[in-house]
Amino acid sequence: MVGVLVLLGAATFALRALKRQTEASINPAILETFRLRVRAWWILFSTLAAALLLGPVVTTILFGLLAFWALREFITLTPTRPGDHRTLFWVFFLFTPLQFVLVGMGEYQLYSIAIPVYAFLFIPARIAMDGDHKRFLERTAKIQAGLLICVYCLSYAPALLTLGTVERPINSTGLLLFFVVMVQLSDVLQYAWAQIPSRHVIVPTISPSRTWEGLLGGTISTSLLGAVLWWATPFPGGYFWLAALLSAVIALMGFAGGLTMSAIKRDRGVQDFGTLVEGHGGVLDRIDSICFAAPVFFHLTRWLLTYFP
Amino acid sequence: METTITINILALIARVLSGASVRWVDCQPDTCQRVYFANHTSHLDALVLWSALPAEVRARTRPVGAKDYWTAGPIRRYCATKVFNALLIDRKEIKVHESPIDLMIREIGNRDSLIVFPEGGRSSGREMGEFKSGLYYLCKKRPDLEAIPVYIDNMNRILPRGQVLPVPLLTCITFGPPIWLEAGEPKAEFLARARQSVLRLKEGWTTQEHSV
């Protein structure tokens, strides 16, 4: 927690210093991106810290609200037909809250399949009940993708709080903080590394700002930072390389999340999911890398816990 | 009327629940007398449009609604009379000596503004309906009123016709530049121009199509 504050303070301080020597060498667009990032971090981490202090229930509710809002943004930008209305109602008001209730109860057997099995069977069946068969598979897939990314994947972040057992107690608050900090760091490190010259863009048609330099540099530097922060993981007994491995996975999944969401935004012809709120990126723009990294980080940690007691 | 605080809280709740973002295009919020005319696809249109206005403008703006609809049930009646201060038109017995237009003009005096939905009823959402002539007669009798086109996006997906349960998508409300009735402008031309001014806000705002 103190470490996070130090990092944030350093970022704010760096921002101040950069602002003072404007125009000189730094691209103002990059500075503006950095400023918005730092502000988003302060909001994110102060909210998260408050929730963590108030306990796992409040933290789970917080993530539930984030998921609900992200799904709102996702479906708003996804064309649906009137025949999808009742399906969407159940998606928003039954499956989304249910997922977080199950996570809060620590019912791994249920929350790991509630959406990918039961909701995914319910959605096409309910759409079929309404009798509109035009582009049936496409509409089904859109709603399923929204529910999977915004709700199911994100719910694995608060699920980290339930990983400890009686035989293997862990500092779950520290684990969740480690995860969120590493995702954010990997985002910004990839962005920073992508600024160096001789850019090799990975997918120019989807994201002109993501380069191989950014991905490799970002992943390696994230792993190194993760190794330094090894004491925050549940494997403190000198397992630097485990923390580095987990961080590398976070960086790669964060990249995959950002790229996937960019593809969706490209297809819909928008800059941000939050275009509706003028001048701000949406919630989904901020959490896309968390969504993709959370389930993989969760399962990897869960598996490693059985091997490195 | 309820106290201003209650009303502001209710408006804030409506804003948060509808997730509405509000844009003013070539037009600024003002307490001068205006008639806001908007597309109509959902029961909640009047509520979200009303809540999108700044508090001091909202206090002087009254939605026009059908009496039979807004007096059915205690919640609607409370909203219409205590919150919106709605101007209710009796659709069933339209008196010869006093048309709804006369009633509106008398009620707003030289202070209030109006919210109207000139399509008459709710459209199915795909296509905006033709405008009824009320807007024309209103502008003819009160040529000083600024007619502000408003486009309400996405409400047909949030609570479409024939549905009871809403889906909480995000909506966007766009206010456009005012139009006035030109001297000697025929009714059909004015109504078509008014309708176009709303449609233009739709095109300007979004490239998304609502049906696949």
# chains A, B, ... in the order shown; residues from 1 in each chain; ligands from 1

$ select_by_dssp --residues "segment 59-166 of chain A" --states "helix (DSSP H, G or I)" --output "VMD selection string"
chain A and resid 59 to 76 82 to 105 108 to 111 114 to 129 136 to 153 156 to 162

$ residues_around --residues "segment 134-140 of chain A" --least-positions-apart "2" --cutoff "7 Å" --atoms "only C-alpha atoms" --output "number ranges by chain"
A: 80, 123-124, 132, 142-144

$ write_last_selection --atoms "C-alpha atoms" --output "PDB file, in the first residue's frame"
ATOM      1  CA  THR A  80     -28.643  -4.931 -30.987  1.00  0.00           C
ATOM      2  CA  ILE A 123     -28.717 -16.059 -24.233  1.00  0.00           C
ATOM      3  CA  PRO A 124     -29.372 -17.777 -27.596  1.00  0.00           C
ATOM      4  CA  ASP A 132     -36.277 -12.619 -34.457  1.00  0.00           C
ATOM      5  CA  LYS A 142     -22.002  -9.933 -29.321  1.00  0.00           C
ATOM      6  CA  ILE A 143     -23.915 -10.222 -26.080  1.00  0.00           C
ATOM      7  CA  GLN A 144     -21.847 -13.234 -25.019  1.00  0.00           C
TER       8      GLN A 144
END

$ select_by_dssp --residues "segment 38-206 of chain B" --states "strand (DSSP E or B)" --output "PyMOL selection string"
chain B and resi 38+61-66+87-89+113-116+146-153+172-175+179

$ write_last_selection --atoms "N, CA and C atoms" --output "JSON list (two decimals), in the first residue's frame"
[["chain", "number", "residue", "atom", "x", "y", "z"],
["B", 38, "ALA", "N", -38.48, 17.31, -29.60],
["B", 38, "ALA", "CA", -37.58, 16.15, -29.66],
["B", 38, "ALA", "C", -38.26, 14.96, -30.29],
["B", 61, "THR", "N", -38.94, 25.09, -17.19],
["B", 61, "THR", "CA", -39.28, 24.33, -18.38],
["B", 61, "THR", "C", -40.31, 23.26, -18.05],
["B", 62, "ARG", "N", -41.38, 23.23, -18.82],
["B", 62, "ARG", "CA", -42.49, 22.32, -18.51],
["B", 62, "ARG", "C", -42.75, 21.39, -19.69],
["B", 63, "PRO", "N", -42.67, 20.09, -19.46],
["B", 63, "PRO", "CA", -43.02, 19.15, -20.53],
["B", 63, "PRO", "C", -44.52, 19.16, -20.79],
["B", 64, "VAL", "N", -44.89, 18.98, -22.04],
["B", 64, "VAL", "CA", -46.29, 18.86, -22.40],
["B", 64, "VAL", "C", -46.62, 17.38, -22.53],
["B", 65, "GLY", "N", -47.68, 16.94, -21.84],
["B", 65, "GLY", "CA", -48.00, 15.52, -21.89],
["B", 65, "GLY", "C", -49.49, 15.29, -21.99],
["B", 66, "ALA", "N", -49.85, 14.03, -22.26],
["B", 66, "ALA", "CA", -51.26, 13.68, -22.35],
["B", 66, "ALA", "C", -51.80, 13.44, -20.94],
["B", 87, "LEU", "N", -47.43, 20.20, -18.22],
["B", 87, "LEU", "CA", -48.62, 20.85, -18.76],
["B", 87, "LEU", "C", -49.44, 19.76, -19.43],
["B", 88, "LEU", "N", -50.56, 19.41, -18.81],
["B", 88, "LEU", "CA", -51.28, 18.23, -19.28],
["B", 88, "LEU", "C", -52.42, 18.62, -20.21],
["B", 89, "ILE", "N", -52.47, 17.90, -21.32],
["B", 89, "ILE", "CA", -53.48, 18.17, -22.34],
["B", 89, "ILE", "C", -54.50, 17.04, -22.31],
["B", 113, "SER", "N", -40.67, 27.79, -20.45],
["B", 113, "SER", "CA", -40.41, 27.14, -21.72],
["B", 113, "SER", "C", -41.15, 25.81, -21.75],
["B", 114, "LEU", "N", -41.22, 25.20, -22.94],
["B", 114, "LEU", "CA", -41.98, 23.96, -23.09],
["B", 114, "LEU", "C", -41.11, 22.86, -23.68],
["B", 115, "ILE", "N", -41.45, 21.61, -23.34],
["B", 115, "ILE", "CA", -40.87, 20.45, -24.02],
["B", 115, "ILE", "C", -42.01, 19.76, -24.76],
["B", 116, "VAL", "N", -41.88, 19.62, -26.07],
["B", 116, "VAL", "CA", -42.94, 18.93, -26.82],
["B", 116, "VAL", "C", -42.34, 17.81, -27.66],
["B", 146, "GLU", "N", -37.98, 30.61, -29.15],
["B", 146, "GLU", "CA", -36.92, 29.91, -29.87],
["B", 146, "GLU", "C", -37.28, 28.43, -29.91],
["B", 147, "ALA", "N", -37.37, 27.86, -31.10],
["B", 147, "ALA", "CA", -37.65, 26.43, -31.21],
["B", 147, "ALA", "C", -36.32, 25.67, -31.28],
["B", 148, "ILE", "N", -36.06, 24.87, -30.24],
["B", 148, "ILE", "CA", -34.77, 24.18, -30.14],
["B", 148, "ILE", "C", -34.95, 22.70, -30.49],
["B", 149, "PRO", "N", -34.32, 22.23, -31.56],
["B", 149, "PRO", "CA", -34.41, 20.80, -31.87],
["B", 149, "PRO", "C", -33.56, 19.98, -30.88],
["B", 150, "VAL", "N", -34.09, 18.85, -30.46],
["B", 150, "VAL", "CA", -33.36, 17.98, -29.53],
["B", 150, "VAL", "C", -33.42, 16.56, -30.07],
["B", 151, "TYR", "N", -32.26, 15.91, -30.10],
["B", 151, "TYR", "CA", -32.27, 14.51, -30.49],
["B", 151, "TYR", "C", -31.89, 13.63, -29.30],
["B", 152, "ILE", "N", -32.76, 12.71, -28.96],
["B", 152, "ILE", "CA", -32.51, 11.80, -27.85],
["B", 152, "ILE", "C", -32.10, 10.47, -28.44],
["B", 153, "ASP", "N", -30.85, 10.09, -28.19],
["B", 153, "ASP", "CA", -30.30, 8.89, -28.81],
["B", 153, "ASP", "C", -30.43, 7.70, -27.87],
["B", 172, "CYS", "N", -27.63, 9.64, -25.07],
["B", 172, "CYS", "CA", -27.00, 10.93, -25.37],
["B", 172, "CYS", "C", -28.06, 11.90, -25.87],
["B", 173, "ILE", "N", -28.05, 13.09, -25.30],
["B", 173, "ILE", "CA", -29.05, 14.10, -25.67],
["B", 173, "ILE", "C", -28.34, 15.26, -26.34],
["B", 174, "THR", "N", -28.76, 15.60, -27.55],
["B", 174, "THR", "CA", -28.11, 16.67, -28.29],
["B", 174, "THR", "C", -29.08, 17.82, -28.53],
["B", 175, "PHE", "N", -28.70, 19.01, -28.09],
["B", 175, "PHE", "CA", -29.48, 20.21, -28.35],
["B", 175, "PHE", "C", -28.88, 20.92, -29.56],
["B", 179, "ILE", "N", -34.50, 27.26, -34.37],
["B", 179, "ILE", "CA", -35.11, 27.64, -35.65],
["B", 179, "ILE", "C", -36.32, 28.53, -35.33]]

$ residues_around --residues "Leu10 of chain B" --least-positions-apart "3" --cutoff "12 Å" --atoms "only C-alpha atoms" --output "JSON, numbers by chain"
{"B": [2, 3, 4, 5, 6, 7, 13, 14, 15, 16, 17, 47, 48, 50, 51, 52, 55, 79, 82, 83, 84]}

$ interface_residues --of "chain A" --to "chain B" --cutoff "9 Å" --atoms "only C-alpha atoms" --output "PyMOL selection string"
chain A and resi 71-82+85-86+88-90+92-93+134-135+139+268-270+276-278

$ residues_around --residues "segment 192-196 of chain B" --least-positions-apart "3" --cutoff "10 Å" --atoms "only C-alpha atoms" --output "compact mmCIF listing (two decimals) with N, CA and C atoms, in the first residue's frame"
# COMPACT_ATOMS: atom_id res chain seq x y z
N PHE B 37 -38.22 20.75 -28.96
CA PHE B 37 -38.98 19.68 -29.61
C PHE B 37 -38.04 18.52 -29.93
N ALA B 38 -38.48 17.31 -29.60
CA ALA B 38 -37.58 16.15 -29.66
C ALA B 38 -38.26 14.96 -30.29
N ASN B 39 -37.44 14.02 -30.73
CA ASN B 39 -37.97 12.74 -31.20
C ASN B 39 -38.49 11.95 -30.00
N PRO B 118 -43.31 16.42 -31.11
CA PRO B 118 -44.25 16.72 -32.19
C PRO B 118 -44.68 15.50 -33.01
N GLU B 119 -44.04 14.34 -32.76
CA GLU B 119 -44.50 13.16 -33.50
C GLU B 119 -45.86 12.70 -33.01
N MET B 128 -38.10 8.20 -37.63
CA MET B 128 -38.82 9.24 -36.93
C MET B 128 -40.10 9.56 -37.70
N GLY B 129 -41.21 9.70 -36.98
CA GLY B 129 -42.48 9.95 -37.64
C GLY B 129 -42.58 11.38 -38.16
N GLU B 130 -43.66 11.63 -38.94
CA GLU B 130 -43.90 13.01 -39.40
C GLU B 130 -44.37 13.85 -38.21
N PHE B 131 -44.09 15.16 -38.25
CA PHE B 131 -44.49 16.03 -37.15
C PHE B 131 -45.95 16.45 -37.28
N LEU B 135 -46.73 22.17 -33.35
CA LEU B 135 -45.51 22.98 -33.25
C LEU B 135 -45.62 24.23 -34.14
N TYR B 136 -46.23 24.02 -35.33
CA TYR B 136 -46.40 25.14 -36.26
C TYR B 136 -47.30 26.22 -35.66
N ALA B 147 -37.37 27.86 -31.10
CA ALA B 147 -37.65 26.43 -31.21
C ALA B 147 -36.32 25.67 -31.28
N ILE B 148 -36.06 24.87 -30.24
CA ILE B 148 -34.77 24.18 -30.14
C ILE B 148 -34.95 22.70 -30.49
N PRO B 149 -34.32 22.23 -31.56
CA PRO B 149 -34.41 20.80 -31.87
C PRO B 149 -33.56 19.98 -30.88
N PRO B 178 -31.33 26.94 -32.63
CA PRO B 178 -32.77 27.25 -32.72
C PRO B 178 -33.23 27.53 -34.14
N ILE B 179 -34.50 27.26 -34.37
CA ILE B 179 -35.11 27.64 -35.65
C ILE B 179 -36.32 28.53 -35.33
N TRP B 180 -36.71 29.36 -36.29
CA TRP B 180 -37.90 30.19 -36.14
C TRP B 180 -38.79 30.00 -37.35
N LEU B 181 -40.06 30.31 -37.13
CA LEU B 181 -41.00 30.27 -38.25
C LEU B 181 -40.76 31.51 -39.11
N LYS B 187 -47.15 25.69 -43.62
CA LYS B 187 -47.12 24.75 -42.50
C LYS B 187 -46.26 23.54 -42.81
N ALA B 188 -46.52 22.91 -43.96
CA ALA B 188 -45.82 21.66 -44.29
C ALA B 188 -44.32 21.89 -44.39
N GLU B 189 -43.94 23.04 -44.96
CA GLU B 189 -42.52 23.33 -45.11
C GLU B 189 -41.84 23.50 -43.77
N LEU B 199 -33.25 15.48 -37.22
CA LEU B 199 -32.52 14.38 -37.87
C LEU B 199 -31.06 14.72 -38.07
N ARG B 200 -30.78 16.02 -38.35
CA ARG B 200 -29.40 16.43 -38.58
C ARG B 200 -28.55 16.18 -37.33
N LEU B 201 -29.14 16.37 -36.17
CA LEU B 201 -28.40 16.14 -34.92
C LEU B 201 -28.05 14.67 -34.77
N LYS B 202 -28.94 13.82 -35.24
CA LYS B 202 -28.69 12.38 -35.18
C LYS B 202 -27.50 12.01 -36.06

$ closest_residue --among "A:Ala119, A:Met182, A:Ala49, A:Ala114" --to "Val91 of chain A" --atoms "only C-alpha atoms"
A:Ala119

$ atom_distance --atom1 "atom CA of Val35 of chain B" --atom2 "atom CA of Thr71 of chain B"
23.1 Å

$ atom_distance --atom1 "atom CA of Ala72 of chain B" --atom2 "atom CA of Glu127 of chain B"
28.2 Å

$ residues_around --residues "segment 52-63 of chain A" --least-positions-apart "6" --cutoff "9 Å" --atoms "only C-alpha atoms" --output "ChimeraX atom specification"
/A:100-101,103-104,154-155,157-159,161-162,173

$ atom_distance --atom1 "atom CA of Ala40 of chain A" --atom2 "atom CA of Val203 of chain A"
26.7 Å

$ residues_around --residues "Ile202 of chain A" --least-positions-apart "5" --cutoff "9 Å" --atoms "only C-alpha atoms" --output "VMD selection string"
chain A and resid 207 to 212

$ write_last_selection --atoms "C-alpha atoms" --output "PDB file, in the first residue's frame"
ATOM      1  CA  SER A 207      -3.595  -0.045 -33.373  1.00  0.00           C
ATOM      2  CA  PRO A 208      -0.875   2.166 -34.872  1.00  0.00           C
ATOM      3  CA  SER A 209       0.599   2.879 -31.430  1.00  0.00           C
ATOM      4  CA  ARG A 210       1.402  -0.715 -30.419  1.00  0.00           C
ATOM      5  CA  THR A 211       4.891  -1.729 -31.541  1.00  0.00           C
ATOM      6  CA  TRP A 212       7.106  -4.761 -31.063  1.00  0.00           C
TER       7      TRP A 212
END

$ residues_around --residues "Lys141 of chain B" --least-positions-apart "6" --cutoff "10 Å" --atoms "only C-alpha atoms" --output "PDB file with C-alpha atoms, in the first residue's frame"
ATOM      1  CA  ILE B 101     -52.172  25.575 -28.177  1.00  0.00           C
ATOM      2  CA  ASP B 102     -54.095  28.394 -26.482  1.00  0.00           C
ATOM      3  CA  ILE B 105     -49.551  29.853 -24.517  1.00  0.00           C
TER       4      ILE B 105
END

$ closest_residue --among "A:Leu94, A:Ala248, A:Leu160, A:Val181" --to "Pro234 of chain A" --atoms "only C-alpha atoms"
A:Leu160

$ closest_residue --among "B:Tyr137, B:Tyr78, B:Trp24, B:Tyr69" --to "Asp90 of chain B" --atoms "only C-alpha atoms"
B:Tyr69
